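Asker: Okay, here's the structure, questions in a sec.
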Amino acid sequence: MHLSASAAGWIAIAAAAAAALALLFALGCYLALRRVRQAQLVLLGGGKSDLVDFAVSLQGRVDDLHRSVDEVATGLGRIDRRVDDTVSKTAIVRYDAYESSGGHQSASVALLDSARTGVVLSAIQGRDYARIYVKEIDRGRASVALSPEELEAVERAMAS
């Protein structure tokens, strides 16, 4: 079967047009791929890896960051417990234990932690002697009776 010259010409023109369209399509795909690759290079910082390698390394860094945050949180928990156990509430009350003495030579000092546990130290100064008393405080309550000055020192410390 032979084609006429005009039919063969039309087929040649159609093939050339199809080839030109295919070439334009390939050029468009190349330019789009080039834009994507440039954007990828910006994201990767000019590295030679591809997006999958970058995503894997990024996930590894995020996992490392999570582990570091967990370690810091654990450390802060230990520090919080240590701080709670330290003396953080203090107060001092000075007074005259005896009417004949002057100058507020006696004193009661309350030293408590955040759970209001600690001690009250009292130094009672007389004319010829000095006495020191220590009374334990457990969660704001004394195991023995407190003097009014010791009670005031404890109340001031708990309010601080």
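Just remember, in the structure tokens the first chain shown is A, the second B, etc., residues are 1-based per chain, and ligands are 1-based in the order shown.
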Might you pull out every residue within 7 Å of segment 76-92 of chain A, with only C-alpha atoms counted and same-chain residues fewer than 5 positions away left off, and present them as a PyMOL selection string?
Answerer: chain A and resi 107-114+153+156-158+160
Asker: Those selected residues, please, written with all heavy atoms and delivered as an mmCIF file, in the first residue's frame.
Answerer:
```
data_model
loop_
_atom_site.group_PDB
_atom_site.id
_atom_site.type_symbol
_atom_site.label_atom_id
_atom_site.label_comp_id
_atom_site.auth_asym_id
_atom_site.auth_seq_id
_atom_site.Cartn_x
_atom_site.Cartn_y
_atom_site.Cartn_z
ATOM 1 N N ALA A 107 17.115 35.286 121.574
ATOM 2 C CA ALA A 107 16.607 35.179 120.203
ATOM 3 C C ALA A 107 16.111 33.765 119.935
ATOM 4 O O ALA A 107 16.628 32.796 120.496
ATOM 5 C CB ALA A 107 17.692 35.547 119.205
ATOM 6 N N SER A 108 15.127 33.671 119.041
ATOM 7 C CA SER A 108 14.645 32.383 118.532
ATOM 8 C C SER A 108 14.730 32.435 117.017
ATOM 9 O O SER A 108 14.285 33.409 116.395
ATOM 10 C CB SER A 108 13.201 32.123 118.968
ATOM 11 O OG SER A 108 13.137 31.922 120.363
ATOM 12 N N VAL A 109 15.311 31.389 116.447
ATOM 13 C CA VAL A 109 15.503 31.322 115.000
ATOM 14 C C VAL A 109 14.791 30.081 114.488
ATOM 15 O O VAL A 109 15.023 28.974 114.990
ATOM 16 C CB VAL A 109 17.007 31.235 114.631
ATOM 17 C CG1 VAL A 109 17.183 31.101 113.130
ATOM 18 C CG2 VAL A 109 17.761 32.424 115.164
ATOM 19 N N ALA A 110 13.928 30.247 113.482
ATOM 20 C CA ALA A 110 13.254 29.116 112.838
ATOM 21 C C ALA A 110 13.930 28.861 111.493
ATOM 22 O O ALA A 110 14.122 29.785 110.702
ATOM 23 C CB ALA A 110 11.775 29.415 112.642
ATOM 24 N N LEU A 111 14.310 27.598 111.256
ATOM 25 C CA LEU A 111 14.948 27.175 109.998
ATOM 26 C C LEU A 111 14.115 26.023 109.431
ATOM 27 O O LEU A 111 14.157 24.901 109.947
ATOM 28 C CB LEU A 111 16.389 26.722 110.245
ATOM 29 C CG LEU A 111 17.306 27.716 110.956
ATOM 30 C CD1 LEU A 111 18.585 27.049 111.395
ATOM 31 C CD2 LEU A 111 17.581 28.902 110.050
ATOM 32 N N LEU A 112 13.355 26.303 108.353
ATOM 33 C CA LEU A 112 12.419 25.322 107.806
ATOM 34 C C LEU A 112 12.662 25.101 106.320
ATOM 35 O O LEU A 112 13.152 25.983 105.618
ATOM 36 C CB LEU A 112 10.974 25.804 108.013
ATOM 37 C CG LEU A 112 10.571 26.188 109.438
ATOM 38 C CD1 LEU A 112 9.168 26.762 109.441
ATOM 39 C CD2 LEU A 112 10.687 25.000 110.360
ATOM 40 N N ASP A 113 12.270 23.911 105.832
ATOM 41 C CA ASP A 113 12.321 23.647 104.394
ATOM 42 C C ASP A 113 10.946 23.931 103.778
ATOM 43 O O ASP A 113 10.051 24.444 104.454
ATOM 44 C CB ASP A 113 12.793 22.214 104.120
ATOM 45 C CG ASP A 113 11.843 21.148 104.645
ATOM 46 O OD1 ASP A 113 10.706 21.481 105.037
ATOM 47 O OD2 ASP A 113 12.239 19.973 104.657
ATOM 48 N N SER A 114 10.774 23.597 102.516
ATOM 49 C CA SER A 114 9.507 23.917 101.840
ATOM 50 C C SER A 114 8.332 23.103 102.391
ATOM 51 O O SER A 114 7.185 23.493 102.227
ATOM 52 C CB SER A 114 9.633 23.693 100.336
ATOM 53 O OG SER A 114 9.885 22.324 100.077
ATOM 54 N N ALA A 153 8.469 32.965 115.630
ATOM 55 C CA ALA A 153 9.535 32.721 114.646
ATOM 56 C C ALA A 153 9.085 31.688 113.622
ATOM 57 O O ALA A 153 9.306 31.851 112.413
ATOM 58 C CB ALA A 153 10.811 32.274 115.353
ATOM 59 N N ARG A 156 6.446 33.286 111.283
ATOM 60 C CA ARG A 156 7.093 34.200 110.326
ATOM 61 C C ARG A 156 7.816 33.407 109.222
ATOM 62 O O ARG A 156 7.762 33.771 108.053
ATOM 63 C CB ARG A 156 8.092 35.105 111.026
ATOM 64 C CG ARG A 156 7.482 36.242 111.781
ATOM 65 C CD ARG A 156 8.585 37.136 112.291
ATOM 66 N NE ARG A 156 8.114 38.147 113.207
ATOM 67 C CZ ARG A 156 8.908 39.011 113.818
ATOM 68 N NH1 ARG A 156 10.221 38.960 113.625
ATOM 69 N NH2 ARG A 156 8.419 39.913 114.638
ATOM 70 N N ALA A 157 8.508 32.352 109.635
ATOM 71 C CA ALA A 157 9.245 31.545 108.653
ATOM 72 C C ALA A 157 8.283 30.885 107.662
ATOM 73 O O ALA A 157 8.531 30.874 106.468
ATOM 74 C CB ALA A 157 10.085 30.491 109.357
ATOM 75 N N MET A 158 7.173 30.351 108.161
ATOM 76 C CA MET A 158 6.209 29.700 107.278
ATOM 77 C C MET A 158 5.552 30.720 106.332
ATOM 78 O O MET A 158 5.163 30.364 105.228
ATOM 79 C CB MET A 158 5.161 28.952 108.084
ATOM 80 C CG MET A 158 5.722 27.670 108.696
ATOM 81 S SD MET A 158 4.490 26.541 109.366
ATOM 82 C CE MET A 158 3.971 27.382 110.839
ATOM 83 N N SER A 160 7.101 33.254 105.044
ATOM 84 C CA SER A 160 8.088 33.788 104.069
ATOM 85 C C SER A 160 8.188 32.958 102.833
ATOM 86 O O SER A 160 7.750 31.868 102.750
ATOM 87 C CB SER A 160 9.452 33.913 104.737
ATOM 88 O OG SER A 160 9.996 32.629 105.013
#
```
Asker: At a cut-off of 12 Å, using only C-alpha atoms, what residues contact segment 49-63 of chain A? Leave out same-chain residues fewer than 4 positions from it and give the result as a PyMOL selection string.
Answerer: chain A and resi 36-45+67-70
Asker: Take the residues just selected and output them with N, CA, C and O atoms as a PDB file, in the first residue's frame.
Answerer:
```pdb
ATOM      1  N   VAL A  36      12.672  22.472  41.204  1.00  0.00           N
ATOM      2  CA  VAL A  36      12.540  21.620  42.388  1.00  0.00           C
ATOM      3  C   VAL A  36      13.919  21.316  42.969  1.00  0.00           C
ATOM      4  O   VAL A  36      14.135  21.372  44.177  1.00  0.00           O
ATOM      5  N   ARG A  37      14.870  21.007  42.119  1.00  0.00           N
ATOM      6  CA  ARG A  37      16.221  20.692  42.585  1.00  0.00           C
ATOM      7  C   ARG A  37      16.874  21.916  43.228  1.00  0.00           C
ATOM      8  O   ARG A  37      17.555  21.791  44.252  1.00  0.00           O
ATOM      9  N   GLN A  38      16.646  23.105  42.692  1.00  0.00           N
ATOM     10  CA  GLN A  38      17.195  24.319  43.304  1.00  0.00           C
ATOM     11  C   GLN A  38      16.576  24.546  44.683  1.00  0.00           C
ATOM     12  O   GLN A  38      17.265  24.907  45.631  1.00  0.00           O
ATOM     13  N   ALA A  39      15.274  24.326  44.785  1.00  0.00           N
ATOM     14  CA  ALA A  39      14.613  24.461  46.085  1.00  0.00           C
ATOM     15  C   ALA A  39      15.145  23.410  47.059  1.00  0.00           C
ATOM     16  O   ALA A  39      15.360  23.688  48.245  1.00  0.00           O
ATOM     17  N   GLN A  40      15.401  22.213  46.570  1.00  0.00           N
ATOM     18  CA  GLN A  40      15.962  21.149  47.409  1.00  0.00           C
ATOM     19  C   GLN A  40      17.361  21.535  47.875  1.00  0.00           C
ATOM     20  O   GLN A  40      17.701  21.328  49.042  1.00  0.00           O
ATOM     21  N   LEU A  41      18.170  22.123  47.016  1.00  0.00           N
ATOM     22  CA  LEU A  41      19.518  22.531  47.409  1.00  0.00           C
ATOM     23  C   LEU A  41      19.471  23.630  48.474  1.00  0.00           C
ATOM     24  O   LEU A  41      20.291  23.648  49.385  1.00  0.00           O
ATOM     25  N   VAL A  42      18.489  24.531  48.355  1.00  0.00           N
ATOM     26  CA  VAL A  42      18.326  25.559  49.386  1.00  0.00           C
ATOM     27  C   VAL A  42      17.997  24.894  50.716  1.00  0.00           C
ATOM     28  O   VAL A  42      18.557  25.223  51.760  1.00  0.00           O
ATOM     29  N   LEU A  43      17.083  23.925  50.700  1.00  0.00           N
ATOM     30  CA  LEU A  43      16.688  23.214  51.899  1.00  0.00           C
ATOM     31  C   LEU A  43      17.846  22.413  52.477  1.00  0.00           C
ATOM     32  O   LEU A  43      18.056  22.382  53.685  1.00  0.00           O
ATOM     33  N   LEU A  44      18.625  21.776  51.627  1.00  0.00           N
ATOM     34  CA  LEU A  44      19.729  20.935  52.078  1.00  0.00           C
ATOM     35  C   LEU A  44      20.977  21.731  52.397  1.00  0.00           C
ATOM     36  O   LEU A  44      21.942  21.181  52.913  1.00  0.00           O
ATOM     37  N   GLY A  45      20.987  22.987  52.075  1.00  0.00           N
ATOM     38  CA  GLY A  45      22.160  23.798  52.357  1.00  0.00           C
ATOM     39  C   GLY A  45      23.304  23.528  51.405  1.00  0.00           C
ATOM     40  O   GLY A  45      24.463  23.665  51.775  1.00  0.00           O
ATOM     41  N   ARG A  67      15.903  13.084  73.449  1.00  0.00           N
ATOM     42  CA  ARG A  67      16.666  12.438  74.527  1.00  0.00           C
ATOM     43  C   ARG A  67      17.313  13.489  75.427  1.00  0.00           C
ATOM     44  O   ARG A  67      17.301  13.363  76.654  1.00  0.00           O
ATOM     45  N   SER A  68      17.853  14.537  74.833  1.00  0.00           N
ATOM     46  CA  SER A  68      18.483  15.595  75.628  1.00  0.00           C
ATOM     47  C   SER A  68      17.467  16.301  76.514  1.00  0.00           C
ATOM     48  O   SER A  68      17.745  16.586  77.681  1.00  0.00           O
ATOM     49  N   VAL A  69      16.300  16.584  75.972  1.00  0.00           N
ATOM     50  CA  VAL A  69      15.247  17.238  76.766  1.00  0.00           C
ATOM     51  C   VAL A  69      14.816  16.336  77.913  1.00  0.00           C
ATOM     52  O   VAL A  69      14.615  16.793  79.044  1.00  0.00           O
ATOM     53  N   ASP A  70      14.706  15.040  77.669  1.00  0.00           N
ATOM     54  CA  ASP A  70      14.342  14.100  78.737  1.00  0.00           C
ATOM     55  C   ASP A  70      15.401  14.079  79.828  1.00  0.00           C
ATOM     56  O   ASP A  70      15.079  14.040  81.023  1.00  0.00           O
TER      57      ASP A  70
END
```
Asker: Looking only at the backbone, which of the residues in segment 3-159 of chain A does DSSP tag as helix (DSSP H, G or I), as a ChimeraX atom specification?
Answerer: /A:5-44,51-84,148-159
Asker: Near Ser143 of chain A, within 12 Å and counting only C-alpha atoms, which residues show up once chain neighbours fewer than 2 positions away are dropped, as a PyMOL selection string?
Answerer: chain A and resi 117-120+134-141+145-146
Asker: Go ahead and write the residues just picked, C-alpha atoms, as a short mmCIF file (atom, residue, chain, number, x, y, z; two decimals), in the first residue's frame.
Answerer:
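Result file is again23.cif:
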```cif
data_model
loop_
_atom_site.label_atom_id
_atom_site.label_comp_id
_atom_site.auth_asym_id
_atom_site.auth_seq_id
_atom_site.Cartn_x
_atom_site.Cartn_y
_atom_site.Cartn_z
CA THR A 117 10.01 20.86 108.54
CA GLY A 118 13.13 21.90 110.43
CA VAL A 119 14.19 23.28 113.79
CA VAL A 120 13.73 26.25 116.10
CA VAL A 134 16.61 23.16 119.95
CA LYS A 135 13.10 22.04 119.09
CA GLU A 136 12.12 20.03 116.03
CA ILE A 137 9.32 21.09 113.69
CA ASP A 138 7.63 18.49 111.48
CA ARG A 139 5.30 19.87 108.79
CA GLY A 140 4.62 22.98 110.84
CA ARG A 141 4.03 21.21 114.15
CA ALA A 145 5.45 23.11 123.36
CA LEU A 146 6.87 26.29 121.87
#
```
Asker: If you run DSSP on the backbone, which residues of segment 29-94 of chain A are strand (DSSP E or B), as a VMD selection string?
Answerer: chain A and resid 89 to 94
Asker: I need the residue nearest Leu151 of chain A from this list: A:Ala130, A:Val93, A:Leu23, A:Ala115. Use only C-alpha atoms for the distance.
Answerer: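 When distances to Leu151 of chain A are compared using only C-alpha atoms, the smallest one comes from A:Val93.
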Asker: What gap, in Å, lies between atom CA of Ile132 of chain A and atom CA of Ser147 of chain A?
Answerer: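 For atom CA of Ile132 of chain A relative to atom CA of Ser147 of chain A, the distance reads 13.3 Å.
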